[in-house]
Structures are given as C-alpha cells and as structure tokens.
Amino acid sequence: MPERSESESRKLLKRLRDSLAVPGKGQDRLDRITSLIADSMGTEVCSIYLFRDSETLELCATEGLNPDAVHQTRLKLGEGLVGRVARSAAPVNTGNAPAERGFRFMPETGEEIYSSFLGVPIQRVGEKLGVLVVQSRNQREYSDDEIYALEVVAMVLAEMTELGAFIGEGEALSAKHTRPVLFRGNTGQEGAAEGNVWLHEARVVVTNPVADDPVAETERIRAAVLQLRVSVDDLLSAASLDKEQKQVLEAYRLFAHSRGWLKRMEEDIGAGLSAEAAVQKEQSAARARMEQVPDAYLRDRLHDLDDLSHRLLRILTGQGKDTGAAMPENPVLVARNIGPAELLDYGRKLRGVVLEEGSVGSHAAIVARALAIPLVIHAERITTEALNGDHIMVDGDQGIVHLRPEATVAAAFRDKIAMQAKAQERYASLRGLPAQSKDGAVVKLQMNAGLMADLPSLESSGAEGVGLFRTELQFLIRNQMPKRDELARLYARVMDAAQGHKVVFRTLDIGSDKVLPYMKPQDEPNPAMGWRAIRVGLDKPGVLRMQLQALIRASNGRDLTVMFPFISEQHEFASARSHLLREIHRERSLGHPVPQELKIGAMLETPSLAFAPRSFFETADFISIGGNDLKQFFFAADRENERVRRRYDVLNVSFLNLIEQIIQRCAETDTPLSFCGEDAGRPIEALCFAALGIRTLSMRPASIGPVKALLRRVDLTGARRVIDAARAEGAETVRPAVLDWLATQVD
C-alpha cells in the first residue's frame, strides 16, 4: 500500500478513535462514525448494518440514506448485497449495484440514486457482527486501497463492539455478554446441570485497536513473532516427540515463520492498527476462510494459523491461560474442544461441559461419561459469547444450553433438575433390591467404567459388577505408551475397588474416533469400519501381549475376565484367545501367579458375528452385545452423523429379530449373554431386551436406578406377549405397543 494511503488510513482511524472517546450514547457514536467515514473516504453514503439475531441484519446508522429507515430496514442473512457480504464474510465491490447478482431494492432507504457499492464484513475472530457499507452516485468500483481501508475500519468497529462502545438503554445494541442466549447443540452425555461458566481458555480482549506509533507497534509484533517462533522450535526439539508429531509441528513452524503472515500484519499496523488488532484481523480472516473451505486438510492448516494467532495475541497482551481468576462455584467448563487428559485434570469438580466441537465418541465424551457429568457438543459460538462466571444451564438430554437464562427459563429448568433429584432419591431406596420383575425374572444390572473414579459408583448405584471396563482411557490420556507395570498396578487397584464384584476388562479399543496421540493416525475414508480395536491388537501383537500380561499380573491369582472388542469373524477371536492363553502359560512358567478362574469373551458389535459358526459360541465363555456399534452397522447409520444417528429405532422389529437370533444361538450353547451400551440404560429399551431373554445389562451408573425401577413393576412375560403381538401384526417398531401397554400397568 502506498505511503499516502497508509497515512490517510491512520488519520481516519485516529479520528475514529477520538470520536469513540467522546462521552455519549451508543446511537450517537454510530451516527458520528458513519458521518466521519463518509467524509474521510469521499463517499456520499456510509451505513452500518448489525445483526439483531443470527439470521437478521438491521440498518443501525447511516450517513446519506433516509434517516427514517434506521432501525426499520432489515434483511435476512444472504438477502441483497448486504446479506451476501454477511453470509460470505467477503467484500462486495461493484460500480452498478442494481445490476449485481442478488441486489434487493429497499425504497424506504432512498438508495436508488446511488450506483456504486462497497460492503465489507464486520467480524471478530470468526463471529459475524454486521456489515459496513459505502455508496456513491457515480458508477465506479472502489480501489484495493479503499477496500483495505474500509476493512481496517471494520476491524476497529468489531473491537469497539466487543468493548461495548455502542450499548446503552434503548440503544442500537443491547450490551454484549449480558443477553440471554440459547445454544442448540447435540447430546454428548445425558444429564442436567446448573452452574457458572469456566472458560478453558479465557477470552483475549484487545483494548487498544488503534495505535499512534506504527514503528513501535511494528517492533512489538516482530518481537512477539520471534518469541512465538522460539517456543515452537523448543517444542520441536523435545526428545519425546515421534515422527508423526514432529511432522505436525513442522507444519506449525512453517506458518510461524511465514513472511507473508508477518508482512500482512505489518501492513495492518502501517494502516493504523495496533499490533494486537493486526493479529486479530488476520485471525478473523483465517476463521472466515475456514468456513468457506470444503477440503478437510486445508481447514486443518487454517486451524493451525488460527491457533498461532491466538498464541501470538496472548504473548502481546500478556493474557495467558492463567489469568488469576478463581474458578467459580459449580463450574461448567466451556471450550472449543478439549483433550481427555485436560478434562481429567478438572475432575469431578465440574458440573458439566459444553464444547463448540467434539463428537459423541470423542475422548472428551468418553471421559465425561466416566465422570458422569452432562456434556453438550456442537454448541457453535459459545466461546465468543460466554464469560467466566456467567450463569449457565446445561441440558445434556436435549443437547441445549441456556446461557444467562431469564428467570422463567431458569425456574422451569430447576423444576426439571428437582424432578430428576426426586427420582434419584426413589431409586436410591431400591439400591439393595434385585431387578426382579413381577413374574419372578431376575435381570443382573452392571455398570460401565473406564476410570478409577468410576468405581465408587459401583456401590452407590446398586450395580452388581462392572460389565465393561474401558482400558483405552489410560492410553488416551498419556503422551506415550504406558508401561506394563503401570497398567498392572492400575488394574489391580480396579479389582481391589470392586471388592469381589466381577470386572469385565475390555482390551484396547482404539482407532475410529479414538486415536492415540503417540500412534501414527491412519488416513482412512471410513475409520469406524477401518483399522480399529482387535484389528489393531492382532496387527500389533506386542501391544496386545503387554496389556494381557498386565491384566494377568494384576489379578495376582484372583479371577480374571477379559473381553476382546470388535470381533467380526471366528478366527479373530481364536487368535486373540490364543495370545491370552500363551501369556498365561508364560506367566506360569516364570513362577508368577495366574488367575484362579479365567473367562474369555467377545464383544458382538458387527452383524457378521451373529452368523458365526456354532463352534464360536461354544468356545466363547461369554458374549456381550455392543449395542452402539451393532446398531450403527445394522442400520448403516453413522452414530457420529447427527442427520442419521437418531433416525433409526433400536426397537425396530428387524433389529429385535437380530437380537433374538443372538439370544437363541447363545441359549443353544449355554453361552452367557449380556447387552452393553447406551440403549441398555434406557428403561423402555432395557425392558424389551429383558423380555426377549437377555438377563444381564451393562450401562452407565446413573441409569441403573431408572431401569431397575421399571423392571420391578412389570411382568416380563406380559411384555413379551405385547412385543410378539406387534411383530405378528406387521408393526415396524414395537415401541408404540409397549408404551400403550405400560400405561395400563399399575405400580
């Protein structure tokens, strides 16, 4: 950019800063800004459109258009040229606006006499705030320098909006971070919680967007970038990094050493921005590009640039992760994403977790389930809206988050929590009683676990053992492979804490959505159906044997129950079983104690295993139906895909027919059978599985009470008759018939 243009930009920004510093109402400031920009840029019109909600833009101030249109003219996102700028987060520059694609004529504004149009987005770190527009009568396209100058002004407006420069009672904008906001995400872990926001990474606030001394600001940005580069280089020099981790950091370093990145920020400083505002402008641009890029690899690279910008801002502002703020009472963690180790560091002090990203099978979701805290994922933009200490209510059942809720919403939510608490009190009275139906059938209810922290729930929930202990969590939360002795000590503590109750240890179930940070990730088009679980174990027998040795040594002569995950064919189970028996023989030959009784089972998660030869069912000491995976493969509905994962009913007759076939095959060989997964913990589904003949269910601890309460008040023989009648009548699902029948049952 020529020096004259840079000088004009700085003059405009200084005039803008001085105007904003004058005391007054928010609307007055907006009016002064539009007049100032029109005068400085030599245009006849300057208008500011701001978002009223996520889909609606409102004309909030103008110089040159009909003033009566202010707060009256509104457009939907994507509507007209202004809506197009907002949707694309990119400038629109035209000398003949009425002929432009998507033009919308708004007669109340009087803009029909203005031909030229330049609109740029007002955005802050990916958050769309509005659109800044200039217009002129003469037909001309605005120069690159003029576009750049207007983008710089829009950047300052975004920062001033964040700082509340335009708020006030009855003003153009209500105070940011004070309004009630509803976020609709997806369920990661069920449950409800009320508390106060604790941001995993506190927001960086730029309080000085305009700078007087570009030379000093340029020196600051260069020094900060140098510090950033040194820190990345230090990370790369760490001896513990494997080849894959180094490759990732090498890409990170390329961005940090990018001359183009630094040059663009220096140009922004030359135009009048402070070093912090220049970084923020580049970060906003990276976020905007991320939303437009369909290629996952390129999105990841832009993510790297976004993360680097965030680190650079922290260096410049000194606003690190440790801000000195005290964690509030009843903290609810809010973050873009979080790793399992970081989440475990917070432990049970958290009341809930809300993430902008994540998935139902992510590491964070697994840990949230283990800690029994509600989790909502895909709550878009919550980190830009929430502040530490904000009142927040998390509905994990519905995937909804209420931030700074109104009194009526809070009261209704508390009623829900109170009802759940009352129900839990009722369930607590059943803790020592069996899950025995009215016709005398007894169903064993076990719990799923993955952490030592889970084990206290064994007694408090009334569970009769651990039907699934997920061993992969201990691998996921480390930066390197755990040692055999570490695992042996951990597994021994798990057995000790179970106090004689049976614990079913599932061997390492990694791959798909659970990727170890120290193992090379596989570039697979469909990882859920790829190299995972027992397939990894059999291909990497050293890891499998190490874990089996740890389990044997942990048992120290006690009974041991081991289950192999994701068995698809008989030979996979035979191979895994042989590995375990060889390790038993080896430990015995070394003089080490071996389990008094050894049970070796398989998790049936693929439809293929239901059709395995009879010899498989005769060989397995037990079988556990892995309902989560079996359902997704049976219906061809990815449980990570929100469009389809709730589309299919587990009580669909075709799925129940498969379950019944598995029950019959296990009965023929007298093989113990259980059902493990989310559906086992849903009372209606659990009732139907029990009615079909499954006598062991494994679920999260909080589900045991509700399931037991329902099973104790029904007749399973009667439920079976209802299911059979619905199937005979050609029903697609038995759910309506079962619900109608339950409505007639008396407690």
# chains A, B, ... in the order shown; residues from 1 in each chain; ligands from 1
$ residues_around --residues "region 480-492 of chain A" --least-positions-apart "3" --cutoff "7 Å" --atoms "only C-alpha atoms" --output "PyMOL selection string"
chain A and resi 475+495-496+518+546-547+550-551+553-555
$ select_by_dssp --residues "region 345-565 of chain A" --states "strand (DSSP E)" --output "ChimeraX atom specification"
/A:352-355,375-377,391-395,400-403,435-436,442-449,466-470,503-506,560-565
$ atom_distance --atom1 "CA of Ile377 (chain A)" --atom2 "CA of Glu605 (chain A)"
25.1 Å
$ closest_residue --among "A:Leu451, A:Leu403, A:Ala731, A:Ala498" --to "Asn388 (chain A)" --atoms "only C-alpha atoms"
A:Leu403
$ select_by_dssp --residues "region 582-706 of chain A" --states "helix (DSSP H, G or I)" --output "PyMOL selection string"
chain A and resi 582-589+607-610+614-619+627-635+653-668+678-681+683-692+701-706
$ residues_around --residues "Thr717 (chain A)" --least-positions-apart "4" --cutoff "12 Å" --atoms "only C-alpha atoms" --output "ChimeraX atom specification"
/A:437-441,687-688,690-693,711,721-724
$ write_last_selection --atoms "N, CA and C atoms" --output "PDB file, in the first residue's frame"
ATOM      1  N   SER A 437     -38.584 -58.853  38.104  1.00  0.00           N
ATOM      2  CA  SER A 437     -39.898 -58.487  37.576  1.00  0.00           C
ATOM      3  C   SER A 437     -41.001 -59.152  38.390  1.00  0.00           C
ATOM      4  N   LYS A 438     -42.234 -58.754  38.125  1.00  0.00           N
ATOM      5  CA  LYS A 438     -43.375 -59.279  38.876  1.00  0.00           C
ATOM      6  C   LYS A 438     -43.555 -60.778  38.662  1.00  0.00           C
ATOM      7  N   ASP A 439     -43.106 -61.284  37.504  1.00  0.00           N
ATOM      8  CA  ASP A 439     -43.241 -62.720  37.253  1.00  0.00           C
ATOM      9  C   ASP A 439     -42.003 -63.505  37.672  1.00  0.00           C
ATOM     10  N   GLY A 440     -41.115 -62.866  38.444  1.00  0.00           N
ATOM     11  CA  GLY A 440     -40.001 -63.578  39.056  1.00  0.00           C
ATOM     12  C   GLY A 440     -38.708 -63.610  38.272  1.00  0.00           C
ATOM     13  N   ALA A 441     -38.670 -63.005  37.086  1.00  0.00           N
ATOM     14  CA  ALA A 441     -37.427 -62.989  36.312  1.00  0.00           C
ATOM     15  C   ALA A 441     -36.443 -61.987  36.919  1.00  0.00           C
ATOM     16  N   LEU A 687     -36.262 -52.911  29.121  1.00  0.00           N
ATOM     17  CA  LEU A 687     -37.406 -53.788  29.337  1.00  0.00           C
ATOM     18  C   LEU A 687     -37.597 -54.744  28.159  1.00  0.00           C
ATOM     19  N   CYS A 688     -37.511 -54.235  26.942  1.00  0.00           N
ATOM     20  CA  CYS A 688     -37.710 -55.076  25.756  1.00  0.00           C
ATOM     21  C   CYS A 688     -36.603 -56.110  25.614  1.00  0.00           C
ATOM     22  N   ALA A 690     -34.870 -57.412  28.038  1.00  0.00           N
ATOM     23  CA  ALA A 690     -35.103 -58.407  29.089  1.00  0.00           C
ATOM     24  C   ALA A 690     -36.279 -59.317  28.730  1.00  0.00           C
ATOM     25  N   ALA A 691     -37.313 -58.749  28.119  1.00  0.00           N
ATOM     26  CA  ALA A 691     -38.473 -59.541  27.721  1.00  0.00           C
ATOM     27  C   ALA A 691     -38.105 -60.567  26.658  1.00  0.00           C
ATOM     28  N   LEU A 692     -37.138 -60.231  25.813  1.00  0.00           N
ATOM     29  CA  LEU A 692     -36.689 -61.172  24.776  1.00  0.00           C
ATOM     30  C   LEU A 692     -35.804 -62.271  25.357  1.00  0.00           C
ATOM     31  N   GLY A 693     -35.251 -62.044  26.558  1.00  0.00           N
ATOM     32  CA  GLY A 693     -34.475 -63.100  27.199  1.00  0.00           C
ATOM     33  C   GLY A 693     -33.085 -62.732  27.653  1.00  0.00           C
ATOM     34  N   LEU A 711     -38.217 -52.334  35.692  1.00  0.00           N
ATOM     35  CA  LEU A 711     -38.252 -53.796  35.649  1.00  0.00           C
ATOM     36  C   LEU A 711     -39.011 -54.383  36.837  1.00  0.00           C
ATOM     37  N   ARG A 721     -45.426 -60.856  25.358  1.00  0.00           N
ATOM     38  CA  ARG A 721     -46.641 -61.066  24.572  1.00  0.00           C
ATOM     39  C   ARG A 721     -46.966 -59.831  23.736  1.00  0.00           C
ATOM     40  N   VAL A 722     -46.776 -58.650  24.314  1.00  0.00           N
ATOM     41  CA  VAL A 722     -47.031 -57.401  23.600  1.00  0.00           C
ATOM     42  C   VAL A 722     -46.077 -57.266  22.409  1.00  0.00           C
ATOM     43  N   ILE A 723     -44.801 -57.575  22.625  1.00  0.00           N
ATOM     44  CA  ILE A 723     -43.802 -57.494  21.559  1.00  0.00           C
ATOM     45  C   ILE A 723     -44.143 -58.471  20.439  1.00  0.00           C
ATOM     46  N   ASP A 724     -44.470 -59.696  20.802  1.00  0.00           N
ATOM     47  CA  ASP A 724     -44.784 -60.708  19.784  1.00  0.00           C
ATOM     48  C   ASP A 724     -46.026 -60.329  18.994  1.00  0.00           C
TER      49      ASP A 724
END
$ residues_around --residues "Glu146 (chain A)" --least-positions-apart "3" --cutoff "10 Å" --atoms "only C-alpha atoms" --output "PyMOL selection string"
chain A and resi 5+9+41+118+141-143+149-152
$ residues_around --residues "Val181 (chain A)" --least-positions-apart "5" --cutoff "10 Å" --atoms "only C-alpha atoms" --output "PyMOL selection string"
chain A and resi 382+385-386+392+401-406
$ write_last_selection --atoms "C-alpha atoms" --output "CSV table (one decimal), in the first residue's frame"
chain,number,residue,atom,x,y,z
A,382,ILE,CA,-20.5,-20.3,22.7
A,385,GLU,CA,-20.4,-15.3,23.9
A,386,ALA,CA,-19.7,-16.7,27.3
A,392,ILE,CA,-25.4,-21.3,32.6
A,401,VAL,CA,-27.5,-24.8,26.7
A,402,HIS,CA,-29.1,-21.8,28.3
A,403,LEU,CA,-26.5,-19.0,28.9
A,404,ARG,CA,-27.6,-16.2,31.2
A,405,PRO,CA,-31.2,-17.6,31.2
A,406,GLU,CA,-34.2,-15.5,32.0
$ atom_distance --atom1 "CA of Leu580 (chain A)" --atom2 "CA of Leu548 (chain A)"
6.3 Å
